Amino acid sequence: MIGYYIILGLIALVSYLVSSKLKSKFKHYSKVHLSNNMSGAEIAQRMLNDNGIYDVKVISTAGSLTDHYNPTNKTVNLSEAVYNQRNAAAAAVAAHEVGHAVQHATAYGMLQFRSNLVPMVNISSRLSTPLIFIGLLLGIGSQLGFGYYIAIAGFILMAIATLFSFITLPVEYDASNRALSWLKTENMLTQQEFAGAEDSLKWAARTYVVAAIGALASLLYWAFMIFGGRD
């Protein structure tokens, strides 16, 4: 048990360090001005056009690092800094989000799989831990009872959320690969600018890796709590 908390603490520390490094990288590469003088919004629109995608809108959204692609209404949502800025970090993020739009347009299997899981994950993220707690409390002192099955139900929901975290990895890496391939093929960036964009996306991807490992660690912990004491 102590070993688990040590591992969990290490994961939390790594997550903090990776997140801090990501913010530092984006701050650094946001100072690398693009020689083509294109904004993130312009980069995104150009990549959409080059991929023959004309039914997706590029819009600005509030916040920092809030960039995302919404397959429901087909919008590439770029944070204000990315939408308006003309630097390597903005180019990387804009192209990455369009990478998701390209995945959607080409029916990329892993993106479709992840999208199908979203409704279940929305439920599991709210109910999994409460159900496990309630189940364990009701099951105290009993070898087999109603509480045990409630805990199992919560565990299954948590497993779905953990699966979602791991499915996200190939989706994010593929979007980055599509973005970098386009930026390089179309000669959108200089060598220095491209290196900055590549490094930015590399650190962004690592945040998803750490999140997936953390989700798996939590799942294993609750597996031990629910099943470990049973014959």
# chains A, B, ... in the order shown; residues from 1 in each chain; ligands from 1
$ residues_around --residues "Gly139 in chain A" --least-positions-apart "5" --cutoff "7 Å" --atoms "only C-alpha atoms" --output "ChimeraX atom specification"
/A:145,147-148
$ write_last_selection --atoms "N, CA, C and O atoms" --output "tab-separated table (two decimals), in the first residue's frame"
chain	number	residue	atom	x	y	z
A	145	GLY	N	-21.85	-9.24	-1.09
A	145	GLY	CA	-23.09	-8.52	-0.88
A	145	GLY	C	-23.34	-7.48	-1.94
A	145	GLY	O	-22.57	-7.33	-2.90
A	147	GLY	N	-23.09	-4.29	-1.79
A	147	GLY	CA	-22.05	-3.27	-1.87
A	147	GLY	C	-20.91	-3.67	-2.78
A	147	GLY	O	-20.34	-2.83	-3.49
A	148	TYR	N	-20.58	-4.96	-2.77
A	148	TYR	CA	-19.49	-5.46	-3.61
A	148	TYR	C	-19.79	-5.23	-5.08
A	148	TYR	O	-18.93	-4.80	-5.85
$ residues_around --residues "Phe133 in chain A" --least-positions-apart "5" --cutoff "12 Å" --atoms "only C-alpha atoms" --output "NGL selection string"
:A and (127-128 or 138-140 or 147-155 or 222 or 225-226)
$ closest_atom_pairs --of "range 126-222 of chain A" --to "range 82-99 of chain A" --cutoff "9 Å" --atoms "only C-alpha atoms" --output "tab-separated table"
residue	atom	partner	partner_atom	distance
A:Glu172	CA	A:His96	CA	8.3
A:Asp174	CA	A:Gly99	CA	7.7
A:Ala175	CA	A:Gly99	CA	4.4
A:Ser176	CA	A:His96	CA	5.1
A:Asn177	CA	A:Gly99	CA	8.1
A:Arg178	CA	A:Gly99	CA	5.6
A:Ala179	CA	A:Ala95	CA	4.8
A:Leu180	CA	A:Ala95	CA	7.6
A:Trp182	CA	A:Ala95	CA	8.2
A:Leu183	CA	A:Ala95	CA	7.8
A:Leu189	CA	A:Ala88	CA	8.1
A:Gln192	CA	A:Ala88	CA	8.9
A:Glu193	CA	A:Ala88	CA	5.4
A:Phe194	CA	A:Ala88	CA	7.1
A:Ala195	CA	A:Ala88	CA	8.6
A:Gly196	CA	A:Ala88	CA	5.9
A:Ala197	CA	A:Ala92	CA	4.8
A:Glu198	CA	A:Ala92	CA	7.2
A:Ser200	CA	A:Ala89	CA	6.5
A:Leu201	CA	A:Ala92	CA	6.6
$ atom_distance --atom1 "CA of Pro170 in chain A" --atom2 "CA of Asp55 in chain A"
24.8 Å
$ atom_distance --atom1 "CA of Val58 in chain A" --atom2 "CA of Val209 in chain A"
27.4 Å
$ closest_residue --among "A:Pro130, A:Leu157, A:Ala204, A:Pro119" --to "Asp67 in chain A" --atoms "only C-alpha atoms"
A:Ala204
$ closest_residue --among "A:Val18, A:Val102, A:Leu10, A:Ala223" --to "Leu48 in chain A" --atoms "only C-alpha atoms"
A:Val102
$ decode --residues "range 84-97 of chain A" --atoms "N, CA, C and O atoms" --output "PDB file, in the first residue's frame"
ATOM      1  N   ASN A  84      -4.506  34.403 -32.804  1.00  0.00           N
ATOM      2  CA  ASN A  84      -4.013  35.701 -33.284  1.00  0.00           C
ATOM      3  C   ASN A  84      -2.507  35.779 -33.469  1.00  0.00           C
ATOM      4  O   ASN A  84      -2.020  36.609 -34.239  1.00  0.00           O
ATOM      5  N   GLN A  85      -1.752  34.938 -32.770  1.00  0.00           N
ATOM      6  CA  GLN A  85      -0.300  35.078 -32.766  1.00  0.00           C
ATOM      7  C   GLN A  85       0.345  34.463 -33.998  1.00  0.00           C
ATOM      8  O   GLN A  85      -0.219  33.593 -34.667  1.00  0.00           O
ATOM      9  N   ARG A  86       1.568  34.923 -34.270  1.00  0.00           N
ATOM     10  CA  ARG A  86       2.298  34.509 -35.472  1.00  0.00           C
ATOM     11  C   ARG A  86       3.667  33.974 -35.070  1.00  0.00           C
ATOM     12  O   ARG A  86       4.700  34.602 -35.351  1.00  0.00           O
ATOM     13  N   ASN A  87       3.652  32.855 -34.372  1.00  0.00           N
ATOM     14  CA  ASN A  87       4.896  32.274 -33.886  1.00  0.00           C
ATOM     15  C   ASN A  87       4.877  30.753 -34.010  1.00  0.00           C
ATOM     16  O   ASN A  87       3.861  30.159 -34.380  1.00  0.00           O
ATOM     17  N   ALA A  88       6.015  30.136 -33.711  1.00  0.00           N
ATOM     18  CA  ALA A  88       6.164  28.686 -33.891  1.00  0.00           C
ATOM     19  C   ALA A  88       5.209  27.889 -33.019  1.00  0.00           C
ATOM     20  O   ALA A  88       4.663  26.863 -33.450  1.00  0.00           O
ATOM     21  N   ALA A  89       4.990  28.343 -31.778  1.00  0.00           N
ATOM     22  CA  ALA A  89       4.088  27.628 -30.872  1.00  0.00           C
ATOM     23  C   ALA A  89       2.658  27.668 -31.402  1.00  0.00           C
ATOM     24  O   ALA A  89       1.949  26.652 -31.393  1.00  0.00           O
ATOM     25  N   ALA A  90       2.228  28.827 -31.866  1.00  0.00           N
ATOM     26  CA  ALA A  90       0.873  28.978 -32.399  1.00  0.00           C
ATOM     27  C   ALA A  90       0.687  28.118 -33.647  1.00  0.00           C
ATOM     28  O   ALA A  90      -0.354  27.481 -33.835  1.00  0.00           O
ATOM     29  N   ALA A  91       1.708  28.090 -34.497  1.00  0.00           N
ATOM     30  CA  ALA A  91       1.634  27.272 -35.711  1.00  0.00           C
ATOM     31  C   ALA A  91       1.503  25.794 -35.362  1.00  0.00           C
ATOM     32  O   ALA A  91       0.727  25.062 -35.999  1.00  0.00           O
ATOM     33  N   ALA A  92       2.241  25.347 -34.359  1.00  0.00           N
ATOM     34  CA  ALA A  92       2.207  23.942 -33.948  1.00  0.00           C
ATOM     35  C   ALA A  92       0.830  23.552 -33.445  1.00  0.00           C
ATOM     36  O   ALA A  92       0.264  22.520 -33.849  1.00  0.00           O
ATOM     37  N   VAL A  93       0.274  24.371 -32.569  1.00  0.00           N
ATOM     38  CA  VAL A  93      -1.037  24.065 -31.988  1.00  0.00           C
ATOM     39  C   VAL A  93      -2.131  24.106 -33.049  1.00  0.00           C
ATOM     40  O   VAL A  93      -2.989  23.217 -33.114  1.00  0.00           O
ATOM     41  N   ALA A  94      -2.104  25.134 -33.881  1.00  0.00           N
ATOM     42  CA  ALA A  94      -3.125  25.273 -34.916  1.00  0.00           C
ATOM     43  C   ALA A  94      -3.110  24.078 -35.865  1.00  0.00           C
ATOM     44  O   ALA A  94      -4.160  23.498 -36.190  1.00  0.00           O
ATOM     45  N   ALA A  95      -1.918  23.690 -36.305  1.00  0.00           N
ATOM     46  CA  ALA A  95      -1.807  22.562 -37.225  1.00  0.00           C
ATOM     47  C   ALA A  95      -2.208  21.259 -36.552  1.00  0.00           C
ATOM     48  O   ALA A  95      -2.818  20.384 -37.174  1.00  0.00           O
ATOM     49  N   HIS A  96      -1.881  21.114 -35.281  1.00  0.00           N
ATOM     50  CA  HIS A  96      -2.259  19.900 -34.531  1.00  0.00           C
ATOM     51  C   HIS A  96      -3.771  19.751 -34.462  1.00  0.00           C
ATOM     52  O   HIS A  96      -4.301  18.654 -34.687  1.00  0.00           O
ATOM     53  N   GLU A  97      -4.465  20.836 -34.155  1.00  0.00           N
ATOM     54  CA  GLU A  97      -5.927  20.755 -34.056  1.00  0.00           C
ATOM     55  C   GLU A  97      -6.556  20.466 -35.414  1.00  0.00           C
ATOM     56  O   GLU A  97      -7.545  19.727 -35.502  1.00  0.00           O
TER      57      GLU A  97
END
